[in-house]
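**Q** What follows is the file model03.cif, containing mmCIF, C-alpha atoms:
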data_target
loop_
_atom_site.label_atom_id
_atom_site.label_comp_id
_atom_site.auth_asym_id
_atom_site.auth_seq_id
_atom_site.Cartn_x
_atom_site.Cartn_y
_atom_site.Cartn_z
CA MET W 1 89.34 42.95 86.30
CA THR W 2 91.79 43.76 83.53
CA ARG W 3 94.29 41.28 82.15
CA GLN W 4 97.08 43.43 83.63
CA ASN W 5 95.53 43.17 87.10
CA THR W 6 95.13 39.41 86.74
CA THR W 7 98.76 39.01 85.67
CA ALA W 8 100.03 41.22 88.49
CA TYR W 9 98.09 39.48 91.22
CA GLY W 10 98.99 36.09 89.79
CA HIS W 11 102.64 37.05 90.27
CA LEU W 12 102.08 38.41 93.78
CA ALA W 13 100.17 35.28 94.83
CA ALA W 14 103.47 33.36 94.70
CA ASP W 15 104.24 35.07 98.02
CA PRO W 16 102.17 33.09 100.56
CA VAL W 17 101.57 36.12 102.78
CA LEU W 18 100.37 38.28 99.89
CA ASN W 19 98.27 35.37 98.68
CA ARG W 20 96.47 35.30 102.03
CA LEU W 21 95.85 39.04 101.71
CA ILE W 22 94.46 38.57 98.20
CA GLU W 23 92.10 35.89 99.54
CA ARG W 24 91.00 38.26 102.31
CA VAL W 25 90.62 41.59 100.50
CA GLY W 26 90.50 40.66 96.81
CA GLN W 27 92.45 42.31 93.99
CA PRO W 28 92.17 46.09 94.35
CA ASP W 29 92.76 48.20 91.27
CA PRO W 30 95.66 50.53 92.20
CA PHE W 31 94.58 53.05 89.59
CA ASP W 32 91.03 53.41 90.91
CA TRP W 33 91.37 56.28 93.38
CA ALA W 34 88.98 58.78 94.88
CA GLU W 35 90.43 61.86 93.19
CA ARG W 36 90.00 60.41 89.70
CA ASP W 37 86.53 62.00 89.61
CA PHE W 38 88.11 65.45 89.70
CA PRO W 39 87.99 66.82 86.13
CA SER W 40 91.73 67.48 85.81
CA SER W 41 92.58 67.43 82.12
CA THR W 42 96.36 67.77 82.34
CA ASN W 43 99.23 66.29 84.28
CA PHE W 44 100.05 69.81 85.47
CA GLU W 45 96.61 70.17 87.07
CA ALA W 46 96.97 66.74 88.67
CA MET W 47 100.33 67.60 90.24
CA ALA W 48 98.94 70.92 91.46
CA LEU W 49 96.09 68.99 93.08
CA HIS W 50 98.57 66.61 94.74
CA ILE W 51 100.38 69.59 96.24
CA VAL W 52 97.13 71.15 97.45
CA GLY W 53 96.09 67.83 98.97
CA GLN W 54 99.19 67.23 101.08
CA GLN W 55 98.27 66.49 104.71
CA ILE W 56 94.57 67.35 104.29
CA SER W 57 91.50 65.34 103.38
CA ILE W 58 90.53 64.67 99.78
CA ALA W 59 87.29 66.60 100.27
CA ALA W 60 89.15 69.67 101.56
CA ALA W 61 91.68 69.45 98.74
CA LEU W 62 88.97 69.33 96.09
CA THR W 63 87.18 72.31 97.65
CA ILE W 64 90.35 74.41 97.73
CA PHE W 65 91.35 73.37 94.24
CA ALA W 66 87.92 74.33 92.91
CA ARG W 67 88.45 77.82 94.37
CA ILE W 68 91.87 78.03 92.74
CA THR W 69 90.38 76.96 89.42
CA THR W 70 87.77 79.71 89.67
CA ALA W 71 90.41 82.29 90.63
CA ALA W 72 92.55 81.15 87.70
CA GLY W 73 89.71 81.72 85.24
CA SER W 74 88.47 78.11 85.01
CA SER W 75 91.78 76.58 83.90
CA VAL W 76 94.82 75.88 86.10
CA THR W 77 97.89 76.35 83.90
CA PRO W 78 101.38 77.67 84.59
CA ASP W 79 100.42 81.06 83.22
CA THR W 80 97.15 81.36 85.14
CA LEU W 81 98.81 80.28 88.39
CA LEU W 82 101.67 82.74 87.94
CA ALA W 83 99.13 85.49 87.35
CA LEU W 84 97.80 84.90 90.87
CA ALA W 85 99.65 86.45 93.80
CA ASP W 86 100.48 84.46 96.91
CA ASP W 87 97.69 86.28 98.73
CA ASP W 88 95.22 85.25 96.00
CA LEU W 89 96.14 81.61 96.52
CA ARG W 90 96.01 81.95 100.29
CA ALA W 91 92.51 83.42 99.97
CA CYS W 92 91.53 80.13 98.33
CA GLY W 93 92.55 78.29 101.48
CA LEU W 94 96.22 77.49 100.89
CA SER W 95 99.00 77.90 103.40
CA ARG W 96 101.81 80.30 102.54
CA ALA W 97 104.09 77.31 101.90
CA LYS W 98 101.68 75.59 99.49
CA ALA W 99 101.14 78.85 97.59
CA ALA W 100 104.92 79.04 97.13
CA TYR W 101 105.03 75.38 96.04
CA LEU W 102 102.39 75.95 93.36
CA HIS W 103 104.26 78.97 92.04
CA ASP W 104 107.50 76.98 91.91
CA LEU W 105 105.71 74.21 90.00
CA ALA W 106 104.28 76.74 87.56
CA ARG W 107 107.62 78.49 87.02
CA ARG W 108 109.42 75.20 86.33
CA GLN W 109 106.75 74.02 83.88
CA ALA W 110 106.67 77.41 82.12
CA ALA W 111 110.46 77.51 81.83
CA GLY W 112 110.64 73.96 80.53
CA THR W 113 112.86 72.70 83.35
CA ILE W 114 110.21 70.05 83.91
CA ASP W 115 107.60 68.82 81.45
CA LEU W 116 104.75 67.08 83.23
CA GLU W 117 102.76 66.64 80.03
CA HIS W 118 105.39 64.49 78.31
CA MET W 119 106.55 62.05 80.97
CA ASP W 120 105.25 58.85 79.39
CA ASP W 121 108.67 57.95 78.03
CA VAL W 122 110.57 58.97 81.18
CA ASP W 123 111.50 55.95 83.31
CA ASP W 124 110.39 55.77 86.94
CA THR W 125 113.74 56.69 88.46
CA ASN W 126 114.24 59.78 86.31
CA ALA W 127 110.61 60.81 86.69
CA LEU W 128 110.91 60.68 90.48
CA THR W 129 114.14 62.66 90.34
CA ASP W 130 112.55 65.32 88.14
CA LEU W 131 109.42 65.62 90.27
CA THR W 132 111.26 65.93 93.56
CA THR W 133 113.16 68.98 92.28
CA ILE W 134 109.87 70.87 92.66
CA HIS W 135 109.72 72.66 95.99
CA GLY W 136 107.19 70.93 98.22
CA VAL W 137 107.12 67.71 96.24
CA GLY W 138 108.68 64.97 98.32
CA LEU W 139 109.22 61.37 97.32
CA TRP W 140 105.78 60.25 98.53
CA SER W 141 103.95 62.91 96.49
CA ALA W 142 106.05 62.07 93.43
CA GLN W 143 105.28 58.37 93.86
CA MET W 144 101.55 59.09 94.19
CA PHE W 145 101.71 61.10 90.96
CA LEU W 146 103.38 58.18 89.16
CA ILE W 147 100.75 55.78 90.47
CA HIS W 148 97.62 57.86 90.13
CA GLN W 149 98.34 60.00 87.10
CA LEU W 150 100.87 58.06 85.04
CA GLU W 151 99.61 54.62 86.16
CA ARG W 152 103.09 53.17 86.62
CA PRO W 153 102.83 49.50 87.70
CA ASP W 154 106.01 49.10 89.76
CA ILE W 155 106.02 51.81 92.44
CA LEU W 156 106.33 50.96 96.14
CA PRO W 157 106.09 53.95 98.52
CA ALA W 158 108.25 52.24 101.16
CA GLY W 159 108.31 55.38 103.29
CA ASP W 160 104.54 55.38 103.65
CA ILE W 161 103.62 54.51 107.24
CA GLY W 162 100.49 52.69 106.07
CA ILE W 163 102.51 50.39 103.82
CA ARG W 164 104.99 49.65 106.58
CA ARG W 165 102.29 48.99 109.21
CA ALA W 166 100.51 46.70 106.77
CA VAL W 167 103.75 44.76 106.27
CA GLN W 168 104.21 44.57 110.04
CA SER W 169 100.68 43.21 110.47
CA ALA W 170 100.75 40.76 107.55
CA TRP W 171 104.12 39.27 108.49
CA HIS W 172 103.45 39.46 112.27
CA LEU W 173 106.57 41.52 112.89
CA THR W 174 107.32 42.83 116.37
CA ASP W 175 108.22 46.30 115.10
CA THR W 176 107.25 48.43 112.14
CA PRO W 177 109.84 47.67 109.45
CA SER W 178 112.25 50.36 108.31
CA ILE W 179 112.00 51.88 104.86
CA GLU W 180 115.01 49.90 103.68
CA GLU W 181 113.67 46.65 105.12
CA THR W 182 110.35 47.27 103.36
CA ARG W 183 112.15 47.89 100.08
CA ARG W 184 114.16 44.69 100.45
CA ARG W 185 111.06 42.65 101.20
CA ALA W 186 109.36 44.09 98.13
CA THR W 187 112.16 43.23 95.69
CA ALA W 188 110.48 39.94 94.77
CA TRP W 189 107.23 41.74 93.98
CA ALA W 190 108.69 43.59 90.98
CA PRO W 191 107.53 44.48 88.39
CA HIS W 192 104.13 44.74 90.11
CA ARG W 193 104.92 46.67 93.27
CA THR W 194 102.16 49.22 92.67
CA TYR W 195 99.66 46.36 92.94
CA ALA W 196 101.34 45.12 96.12
CA SER W 197 101.01 48.64 97.53
CA ALA W 198 97.30 48.71 96.71
CA LEU W 199 96.89 45.30 98.35
CA LEU W 200 98.70 46.38 101.50
CA TRP W 201 96.67 49.60 101.79
CA ALA W 202 93.47 47.62 101.25
CA SER W 203 94.44 45.23 104.05
CA LEU W 204 94.41 48.17 106.47
CA ARG W 205 90.86 49.03 105.46
CA ALA W 206 89.62 45.45 105.77
CA PRO W 207 87.55 44.53 108.86
CA THR W 208 90.60 43.25 110.72
CA GLY W 209 92.58 46.43 110.06
CA THR W 210 92.26 50.14 110.78
CA PRO W 211 92.03 52.71 107.97
CA LEU W 212 95.15 54.86 107.75
CA GLN W 213 95.86 57.90 105.65
CA PRO W 214 99.13 57.80 103.67
CA ALA W 215 101.44 60.60 104.80
CA GLU W 216 104.38 62.47 103.31
#
Is it possible to give me this structure as C-alpha coordinates?

**A**
Amino acid sequence: MTRQNTTAYGHLAADPVLNRLIERVGQPDPFDWAERDFPSSTNFEAMALHIVGQQISIAAALTIFARITTAAGSSVTPDTLLALADDDLRACGLSRAKAAYLHDLARRQAAGTIDLEHMDDVDDTNALTDLTTIHGVGLWSAQMFLIHQLERPDILPAGDIGIRRAVQSAWHLTDTPSIEETRRRATAWAPHRTYASALLWASLRAPTGTPLQPAE
(Lines of atoms letter the chains of each structure in order from A and count residues from 1; the text may use other names and numbers.)
(Lines give C-alpha, C1' and ligand atoms only; values in the text may rest on other atoms or scores of the structure.)
Protein backbone atom coordinates (compact mmCIF):
# COMPACT_ATOMS: atom_id res chain seq x y z
CA MET A 1 0.00 0.00 0.00
CA THR A 2 1.51 3.31 -1.06
CA ARG A 3 1.54 6.40 1.12
CA GLN A 4 -0.85 8.04 -1.34
CA ASN A 5 -3.34 5.19 -0.94
CA THR A 6 -3.06 5.36 2.84
CA THR A 7 -3.67 9.12 2.83
CA ALA A 8 -6.62 8.82 0.46
CA TYR A 9 -8.37 6.08 2.39
CA GLY A 10 -7.66 7.85 5.66
CA HIS A 11 -9.59 10.82 4.28
CA LEU A 12 -12.44 8.68 2.96
CA ALA A 13 -12.75 6.82 6.28
CA ALA A 14 -14.15 10.04 7.80
CA ASP A 15 -17.38 9.12 5.99
CA PRO A 16 -18.92 6.38 8.17
CA VAL A 17 -20.48 4.58 5.20
CA LEU A 18 -17.24 4.53 3.22
CA ASN A 19 -15.42 3.46 6.37
CA ARG A 20 -17.68 0.41 6.62
CA LEU A 21 -16.91 -0.39 2.98
CA ILE A 22 -13.18 -0.08 3.64
CA GLU A 23 -13.54 -2.50 6.56
CA ARG A 24 -15.43 -4.92 4.31
CA VAL A 25 -13.44 -4.81 1.06
CA GLY A 26 -10.11 -3.24 2.04
CA GLN A 27 -8.30 -0.44 0.21
CA PRO A 28 -8.28 -1.24 -3.53
CA ASP A 29 -5.63 0.41 -5.66
CA PRO A 30 -7.57 2.38 -8.32
CA PHE A 31 -4.60 2.28 -10.67
CA ASP A 32 -4.27 -1.51 -10.63
CA TRP A 33 -6.47 -2.56 -13.54
CA ALA A 34 -6.67 -5.60 -15.77
CA GLU A 35 -5.57 -3.89 -18.98
CA ARG A 36 -2.32 -2.62 -17.46
CA ASP A 37 -0.67 -5.85 -18.63
CA PHE A 38 -1.22 -4.83 -22.24
CA PRO A 39 2.13 -3.53 -23.54
CA SER A 40 0.87 -0.11 -24.64
CA SER A 41 3.83 2.25 -24.65
CA THR A 42 2.05 5.51 -25.42
CA ASN A 43 -1.02 7.40 -24.31
CA PHE A 44 -2.23 7.27 -27.91
CA GLU A 45 -2.19 3.46 -27.89
CA ALA A 46 -3.99 3.44 -24.54
CA MET A 47 -6.79 5.69 -25.79
CA ALA A 48 -7.10 3.58 -28.94
CA LEU A 49 -7.46 0.53 -26.71
CA HIS A 50 -10.16 2.28 -24.65
CA ILE A 51 -12.11 2.96 -27.84
CA VAL A 52 -11.72 -0.63 -29.02
CA GLY A 53 -12.85 -1.88 -25.62
CA GLN A 54 -16.12 0.05 -25.40
CA GLN A 55 -19.04 -2.26 -24.59
CA ILE A 56 -17.03 -5.49 -25.02
CA SER A 57 -15.02 -7.65 -22.65
CA ILE A 58 -11.40 -6.91 -21.84
CA ALA A 59 -10.35 -10.22 -23.39
CA ALA A 60 -12.13 -9.42 -26.66
CA ALA A 61 -10.67 -5.90 -26.71
CA LEU A 62 -7.13 -7.19 -26.25
CA THR A 63 -7.60 -9.77 -29.02
CA ILE A 64 -8.90 -7.16 -31.47
CA PHE A 65 -6.24 -4.66 -30.53
CA ALA A 66 -3.52 -7.27 -31.07
CA ARG A 67 -4.86 -7.77 -34.61
CA ILE A 68 -4.83 -4.02 -35.20
CA THR A 69 -1.26 -3.83 -33.93
CA THR A 70 -0.22 -6.55 -36.36
CA ALA A 71 -2.05 -4.85 -39.24
CA ALA A 72 -0.39 -1.56 -38.32
CA GLY A 73 3.07 -3.10 -38.54
CA SER A 74 3.60 -3.76 -34.81
CA SER A 75 3.10 -0.15 -33.66
CA VAL A 76 -0.22 1.70 -33.34
CA THR A 77 0.49 5.35 -34.14
CA PRO A 78 -1.54 8.05 -35.86
CA ASP A 79 0.30 7.44 -39.11
CA THR A 80 -0.02 3.65 -39.05
CA LEU A 81 -3.73 3.85 -38.20
CA LEU A 82 -4.40 6.36 -40.97
CA ALA A 83 -2.62 4.06 -43.39
CA LEU A 84 -5.27 1.42 -42.69
CA ALA A 85 -8.61 1.66 -44.48
CA ASP A 86 -11.89 1.27 -42.62
CA ASP A 87 -12.24 -2.20 -44.12
CA ASP A 88 -8.78 -3.14 -42.79
CA LEU A 89 -9.85 -2.17 -39.28
CA ARG A 90 -13.18 -3.94 -39.64
CA ALA A 91 -11.32 -7.09 -40.70
CA CYS A 92 -9.61 -6.93 -37.30
CA GLY A 93 -13.00 -7.19 -35.62
CA LEU A 94 -14.07 -3.56 -35.25
CA SER A 95 -17.50 -2.19 -36.00
CA ARG A 96 -17.78 0.46 -38.70
CA ALA A 97 -18.35 3.09 -35.98
CA LYS A 98 -15.25 2.12 -33.98
CA ALA A 99 -13.11 2.13 -37.13
CA ALA A 100 -14.30 5.71 -37.76
CA TYR A 101 -13.57 6.64 -34.13
CA LEU A 102 -9.99 5.36 -34.36
CA HIS A 103 -9.42 7.30 -37.56
CA ASP A 104 -10.80 10.47 -35.96
CA LEU A 105 -8.48 9.96 -32.98
CA ALA A 106 -5.52 9.47 -35.31
CA ARG A 107 -6.34 12.53 -37.42
CA ARG A 108 -6.68 14.77 -34.36
CA GLN A 109 -3.40 13.55 -32.86
CA ALA A 110 -1.58 13.88 -36.20
CA ALA A 111 -2.93 17.40 -36.73
CA GLY A 112 -2.04 18.48 -33.21
CA THR A 113 -5.60 19.39 -32.25
CA ILE A 114 -5.13 17.03 -29.31
CA ASP A 115 -1.87 15.87 -27.76
CA LEU A 116 -2.36 12.72 -25.72
CA GLU A 117 1.34 12.36 -25.03
CA HIS A 118 1.65 15.67 -23.17
CA MET A 119 -1.39 15.82 -20.91
CA ASP A 120 0.40 15.65 -17.57
CA ASP A 121 0.12 19.39 -17.05
CA VAL A 122 -3.47 19.64 -18.32
CA ASP A 123 -5.97 19.86 -15.45
CA ASP A 124 -8.78 17.33 -15.18
CA THR A 125 -11.53 19.59 -16.50
CA ASN A 126 -9.62 20.65 -19.60
CA ALA A 127 -8.35 17.13 -20.21
CA LEU A 128 -11.91 15.78 -20.15
CA THR A 129 -13.05 18.54 -22.49
CA ASP A 130 -10.23 17.79 -24.93
CA LEU A 131 -10.80 14.04 -24.88
CA THR A 132 -14.54 14.25 -25.44
CA THR A 133 -14.01 16.19 -28.67
CA ILE A 134 -12.84 12.89 -30.17
CA HIS A 135 -15.68 11.14 -31.97
CA GLY A 136 -16.72 8.09 -29.98
CA VAL A 137 -15.09 9.20 -26.75
CA GLY A 138 -17.79 9.98 -24.22
CA LEU A 139 -17.33 11.25 -20.71
CA TRP A 140 -17.02 7.76 -19.21
CA SER A 141 -14.25 6.73 -21.61
CA ALA A 142 -12.42 10.01 -20.99
CA GLN A 143 -12.70 9.51 -17.24
CA MET A 144 -11.37 5.95 -17.52
CA PHE A 145 -8.40 7.28 -19.50
CA LEU A 146 -7.67 9.84 -16.78
CA ILE A 147 -7.87 7.16 -14.10
CA HIS A 148 -6.10 4.28 -15.81
CA GLN A 149 -3.55 6.02 -17.99
CA LEU A 150 -2.88 9.37 -16.34
CA GLU A 151 -3.56 8.10 -12.78
CA ARG A 152 -5.53 11.17 -11.75
CA PRO A 153 -6.62 10.84 -8.08
CA ASP A 154 -9.85 12.86 -8.07
CA ILE A 155 -12.12 11.45 -10.79
CA LEU A 156 -15.64 10.22 -10.02
CA PRO A 157 -17.52 8.68 -12.98
CA ALA A 158 -20.91 9.65 -11.57
CA GLY A 159 -22.69 8.48 -14.71
CA ASP A 160 -21.40 4.94 -14.28
CA ILE A 161 -24.30 2.66 -13.34
CA GLY A 162 -22.03 0.53 -11.16
CA ILE A 163 -20.98 3.54 -9.09
CA ARG A 164 -24.58 4.65 -8.67
CA ARG A 165 -25.84 1.18 -7.73
CA ALA A 166 -23.01 0.85 -5.22
CA VAL A 167 -24.06 4.17 -3.66
CA GLN A 168 -27.66 2.98 -3.56
CA SER A 169 -26.64 -0.23 -1.81
CA ALA A 170 -24.17 1.33 0.64
CA TRP A 171 -26.54 4.10 1.72
CA HIS A 172 -29.65 1.86 1.58
CA LEU A 173 -31.43 4.18 -0.84
CA THR A 174 -34.81 3.23 -2.26
CA ASP A 175 -33.84 4.23 -5.80
CA THR A 176 -30.63 4.42 -7.77
CA PRO A 177 -29.35 7.98 -7.29
CA SER A 178 -29.19 10.36 -10.23
CA ILE A 179 -25.88 11.47 -11.68
CA GLU A 180 -26.21 14.87 -10.05
CA GLU A 181 -27.13 13.38 -6.67
CA THR A 182 -24.09 11.09 -6.89
CA ARG A 183 -21.86 14.05 -7.68
CA ARG A 184 -23.24 16.02 -4.74
CA ARG A 185 -22.71 13.12 -2.36
CA ALA A 186 -19.13 12.77 -3.57
CA THR A 187 -18.17 16.41 -3.01
CA ALA A 188 -16.82 15.64 0.46
CA TRP A 189 -14.62 12.87 -0.94
CA ALA A 190 -12.43 15.29 -2.92
CA PRO A 191 -9.54 15.27 -3.65
CA HIS A 192 -9.63 11.45 -3.53
CA ARG A 193 -12.71 10.62 -5.57
CA THR A 194 -10.84 8.13 -7.77
CA TYR A 195 -10.18 6.07 -4.64
CA ALA A 196 -13.84 6.33 -3.64
CA SER A 197 -14.77 5.08 -7.11
CA ALA A 198 -12.44 2.10 -6.74
CA LEU A 199 -13.95 1.36 -3.33
CA LEU A 200 -17.51 1.52 -4.64
CA TRP A 201 -16.71 -0.75 -7.61
CA ALA A 202 -14.98 -3.19 -5.26
CA SER A 203 -18.06 -3.27 -3.03
CA LEU A 204 -20.06 -4.64 -5.97
CA ARG A 205 -17.58 -7.48 -6.40
CA ALA A 206 -17.55 -8.36 -2.70
CA PRO A 207 -19.51 -11.46 -1.58
CA THR A 208 -22.57 -9.40 -0.68
CA GLY A 209 -22.62 -7.65 -4.06
CA THR A 210 -22.92 -8.62 -7.72
CA PRO A 211 -20.13 -7.88 -10.22
CA LEU A 212 -21.14 -5.20 -12.71
CA GLN A 213 -19.36 -3.97 -15.79
CA PRO A 214 -18.98 -0.17 -16.05
CA ALA A 215 -20.82 1.14 -19.12
CA GLU A 216 -20.61 4.23 -21.30

**Q** Nearest residue to Ala13 (chain W) out of W:Glu45, W:Trp201, W:His192, W:Tyr101, using all atoms listed in the file?

**A**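 Looking only at the distances to Ala13 (chain W), the closest residue turns out to be W:His192.
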
**Q** Run the PyMOL selection byres ((chain W and resi 203) around 12) mentally over the shown coordinates, then write out the matched residues as a PDB file with C-alpha atoms, in the coordinates of the input, using the chain letters and numbers from the document.

**A**
ATOM      1  CA  VAL W  17     101.570  36.120 102.780  1.00  0.00           C
ATOM      2  CA  LEU W  18     100.370  38.280  99.890  1.00  0.00           C
ATOM      3  CA  ASN W  19      98.270  35.370  98.680  1.00  0.00           C
ATOM      4  CA  ARG W  20      96.470  35.300 102.030  1.00  0.00           C
ATOM      5  CA  LEU W  21      95.850  39.040 101.710  1.00  0.00           C
ATOM      6  CA  ILE W  22      94.460  38.570  98.200  1.00  0.00           C
ATOM      7  CA  GLU W  23      92.100  35.890  99.540  1.00  0.00           C
ATOM      8  CA  ARG W  24      91.000  38.260 102.310  1.00  0.00           C
ATOM      9  CA  VAL W  25      90.620  41.590 100.500  1.00  0.00           C
ATOM     10  CA  GLY W  26      90.500  40.660  96.810  1.00  0.00           C
ATOM     11  CA  GLN W  27      92.450  42.310  93.990  1.00  0.00           C
ATOM     12  CA  PRO W  28      92.170  46.090  94.350  1.00  0.00           C
ATOM     13  CA  GLY W 162     100.490  52.690 106.070  1.00  0.00           C
ATOM     14  CA  ILE W 163     102.510  50.390 103.820  1.00  0.00           C
ATOM     15  CA  ARG W 164     104.990  49.650 106.580  1.00  0.00           C
ATOM     16  CA  ARG W 165     102.290  48.990 109.210  1.00  0.00           C
ATOM     17  CA  ALA W 166     100.510  46.700 106.770  1.00  0.00           C
ATOM     18  CA  VAL W 167     103.750  44.760 106.270  1.00  0.00           C
ATOM     19  CA  GLN W 168     104.210  44.570 110.040  1.00  0.00           C
ATOM     20  CA  SER W 169     100.680  43.210 110.470  1.00  0.00           C
ATOM     21  CA  ALA W 170     100.750  40.760 107.550  1.00  0.00           C
ATOM     22  CA  ALA W 196     101.340  45.120  96.120  1.00  0.00           C
ATOM     23  CA  SER W 197     101.010  48.640  97.530  1.00  0.00           C
ATOM     24  CA  ALA W 198      97.300  48.710  96.710  1.00  0.00           C
ATOM     25  CA  LEU W 199      96.890  45.300  98.350  1.00  0.00           C
ATOM     26  CA  LEU W 200      98.700  46.380 101.500  1.00  0.00           C
ATOM     27  CA  TRP W 201      96.670  49.600 101.790  1.00  0.00           C
ATOM     28  CA  ALA W 202      93.470  47.620 101.250  1.00  0.00           C
ATOM     29  CA  LEU W 204      94.410  48.170 106.470  1.00  0.00           C
ATOM     30  CA  ARG W 205      90.860  49.030 105.460  1.00  0.00           C
ATOM     31  CA  ALA W 206      89.620  45.450 105.770  1.00  0.00           C
ATOM     32  CA  PRO W 207      87.550  44.530 108.860  1.00  0.00           C
ATOM     33  CA  THR W 208      90.600  43.250 110.720  1.00  0.00           C
ATOM     34  CA  GLY W 209      92.580  46.430 110.060  1.00  0.00           C
ATOM     35  CA  THR W 210      92.260  50.140 110.780  1.00  0.00           C
ATOM     36  CA  PRO W 211      92.030  52.710 107.970  1.00  0.00           C
ATOM     37  CA  LEU W 212      95.150  54.860 107.750  1.00  0.00           C
TER      38      LEU W 212
END

**Q** Would you write out, as a ChimeraX atom specification, every residue that the PyMOL selection byres ((chain W and resi 125) around 12) captures in this file?

**A** /W:119,121-124,126-132,139,142-143,146,152,154-155

**Q** Do a neighbour search on Ser75 (chain W) at 12 Å with only C-alpha atoms, toss out local chain neighbours closer than 4 positions, and write the hits as a CSV table (one decimal) with C-alpha atoms, in the coordinates of the input.

**A**
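Saved file result.csv follows:
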chain,number,residue,atom,x,y,z
W,39,PRO,CA,88.0,66.8,86.1
W,40,SER,CA,91.7,67.5,85.8
W,41,SER,CA,92.6,67.4,82.1
W,42,THR,CA,96.4,67.8,82.3
W,44,PHE,CA,100.0,69.8,85.5
W,45,GLU,CA,96.6,70.2,87.1
W,48,ALA,CA,98.9,70.9,91.5
W,65,PHE,CA,91.4,73.4,94.2
W,66,ALA,CA,87.9,74.3,92.9
W,67,ARG,CA,88.4,77.8,94.4
W,68,ILE,CA,91.9,78.0,92.7
W,69,THR,CA,90.4,77.0,89.4
W,70,THR,CA,87.8,79.7,89.7
W,71,ALA,CA,90.4,82.3,90.6
W,79,ASP,CA,100.4,81.1,83.2
W,80,THR,CA,97.2,81.4,85.1
W,81,LEU,CA,98.8,80.3,88.4

**Q** With a distance cut-off of 12 Å and all atoms listed in the file, select the neighbouring residues of Asp86 (chain W), excluding the residue or stretch itself and same-chain residues fewer than 5 positions from it, and output the selection as number ranges by chain.

**A** W: 68, 81, 91-104

**Q** With distances taken over only C-alpha atoms, which of W:Arg185, W:Arg193, W:His172, W:Gly73 is nearest to Pro157 (chain W)?

**A**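 Smallest distance to Pro157 (chain W) is found for W:Arg193.
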
**Q** What does the structure give for the distance between CA of Ala190 (chain W) and CA of Met47 (chain W), in Å to one decimal?

**A**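 If I compute the distance from CA of Ala190 (chain W) to CA of Met47 (chain W), I get 25.4 Å.
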
**Q** Identify which of the residues W:Asp15, W:Gln4, W:Thr63, W:Asp87 lies closest to Glu151 (chain W), counting all atoms listed in the file when measuring atom-to-atom distances.

**A**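 The answer is W:Gln4, which sits nearest to Glu151 (chain W).
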
**Q** What is the CA of Ala72 (chain W) to CA of Leu84 (chain W) distance in Å?

**A** 7.2 Å

**Q** Kindly indicate which residue among W:Pro153, W:Ala158, W:Gln109, W:Ile179 lies nearest to Ala8 (chain W), using all atoms listed in the file for the distances.

**A** W:Pro153

**Q** Applied to the shown file, which residues does the PyMOL selection byres ((chain W and resi 54) around 12) return, written as a ChimeraX atom specification?

**A** /W:47-53,55-62,64,94-95,97-98,101,136-138,140-142,144,213-216

**Q** Have region 146-160 of chain W completed to N, CA and C atoms, please, and pass it along as a PDB file, keeping the file's coordinate frame.

**A**
ATOM      1  N   LEU W 146     103.064  59.262  90.104  1.00  0.00           N
ATOM      2  CA  LEU W 146     103.380  58.180  89.160  1.00  0.00           C
ATOM      3  C   LEU W 146     102.320  57.090  89.195  1.00  0.00           C
ATOM      4  N   ILE W 147     101.789  56.807  90.378  1.00  0.00           N
ATOM      5  CA  ILE W 147     100.750  55.780  90.470  1.00  0.00           C
ATOM      6  C   ILE W 147      99.425  56.279  89.915  1.00  0.00           C
ATOM      7  N   HIS W 148      98.967  57.412  90.429  1.00  0.00           N
ATOM      8  CA  HIS W 148      97.620  57.860  90.130  1.00  0.00           C
ATOM      9  C   HIS W 148      97.462  58.513  88.769  1.00  0.00           C
ATOM     10  N   GLN W 149      98.465  59.274  88.352  1.00  0.00           N
ATOM     11  CA  GLN W 149      98.340  60.000  87.100  1.00  0.00           C
ATOM     12  C   GLN W 149      98.969  59.273  85.932  1.00  0.00           C
ATOM     13  N   LEU W 150     100.169  58.738  86.136  1.00  0.00           N
ATOM     14  CA  LEU W 150     100.870  58.060  85.040  1.00  0.00           C
ATOM     15  C   LEU W 150     100.614  56.561  85.017  1.00  0.00           C
ATOM     16  N   GLU W 151      99.977  56.040  86.063  1.00  0.00           N
ATOM     17  CA  GLU W 151      99.610  54.620  86.160  1.00  0.00           C
ATOM     18  C   GLU W 151     100.817  53.703  85.952  1.00  0.00           C
ATOM     19  N   ARG W 152     101.896  54.018  86.676  1.00  0.00           N
ATOM     20  CA  ARG W 152     103.090  53.170  86.620  1.00  0.00           C
ATOM     21  C   ARG W 152     102.862  51.937  87.485  1.00  0.00           C
ATOM     22  N   PRO W 153     103.192  50.739  87.002  1.00  0.00           N
ATOM     23  CA  PRO W 153     102.830  49.500  87.700  1.00  0.00           C
ATOM     24  C   PRO W 153     103.804  49.027  88.764  1.00  0.00           C
ATOM     25  N   ASP W 154     104.975  49.674  88.883  1.00  0.00           N
ATOM     26  CA  ASP W 154     106.010  49.100  89.760  1.00  0.00           C
ATOM     27  C   ASP W 154     106.549  50.122  90.750  1.00  0.00           C
ATOM     28  N   ILE W 155     105.640  50.801  91.454  1.00  0.00           N
ATOM     29  CA  ILE W 155     106.020  51.810  92.440  1.00  0.00           C
ATOM     30  C   ILE W 155     105.643  51.325  93.832  1.00  0.00           C
ATOM     31  N   LEU W 156     106.603  51.320  94.746  1.00  0.00           N
ATOM     32  CA  LEU W 156     106.330  50.960  96.140  1.00  0.00           C
ATOM     33  C   LEU W 156     106.733  52.137  97.026  1.00  0.00           C
ATOM     34  N   PRO W 157     105.767  52.845  97.611  1.00  0.00           N
ATOM     35  CA  PRO W 157     106.090  53.950  98.520  1.00  0.00           C
ATOM     36  C   PRO W 157     106.533  53.386  99.879  1.00  0.00           C
ATOM     37  N   ALA W 158     107.766  52.931  99.956  1.00  0.00           N
ATOM     38  CA  ALA W 158     108.250  52.240 101.160  1.00  0.00           C
ATOM     39  C   ALA W 158     108.289  53.154 102.378  1.00  0.00           C
ATOM     40  N   GLY W 159     108.315  54.461 102.168  1.00  0.00           N
ATOM     41  CA  GLY W 159     108.310  55.380 103.290  1.00  0.00           C
ATOM     42  C   GLY W 159     106.935  55.641 103.868  1.00  0.00           C
ATOM     43  N   ASP W 160     105.913  55.157 103.206  1.00  0.00           N
ATOM     44  CA  ASP W 160     104.540  55.380 103.650  1.00  0.00           C
ATOM     45  C   ASP W 160     104.274  54.556 104.914  1.00  0.00           C
TER      46      ASP W 160
END
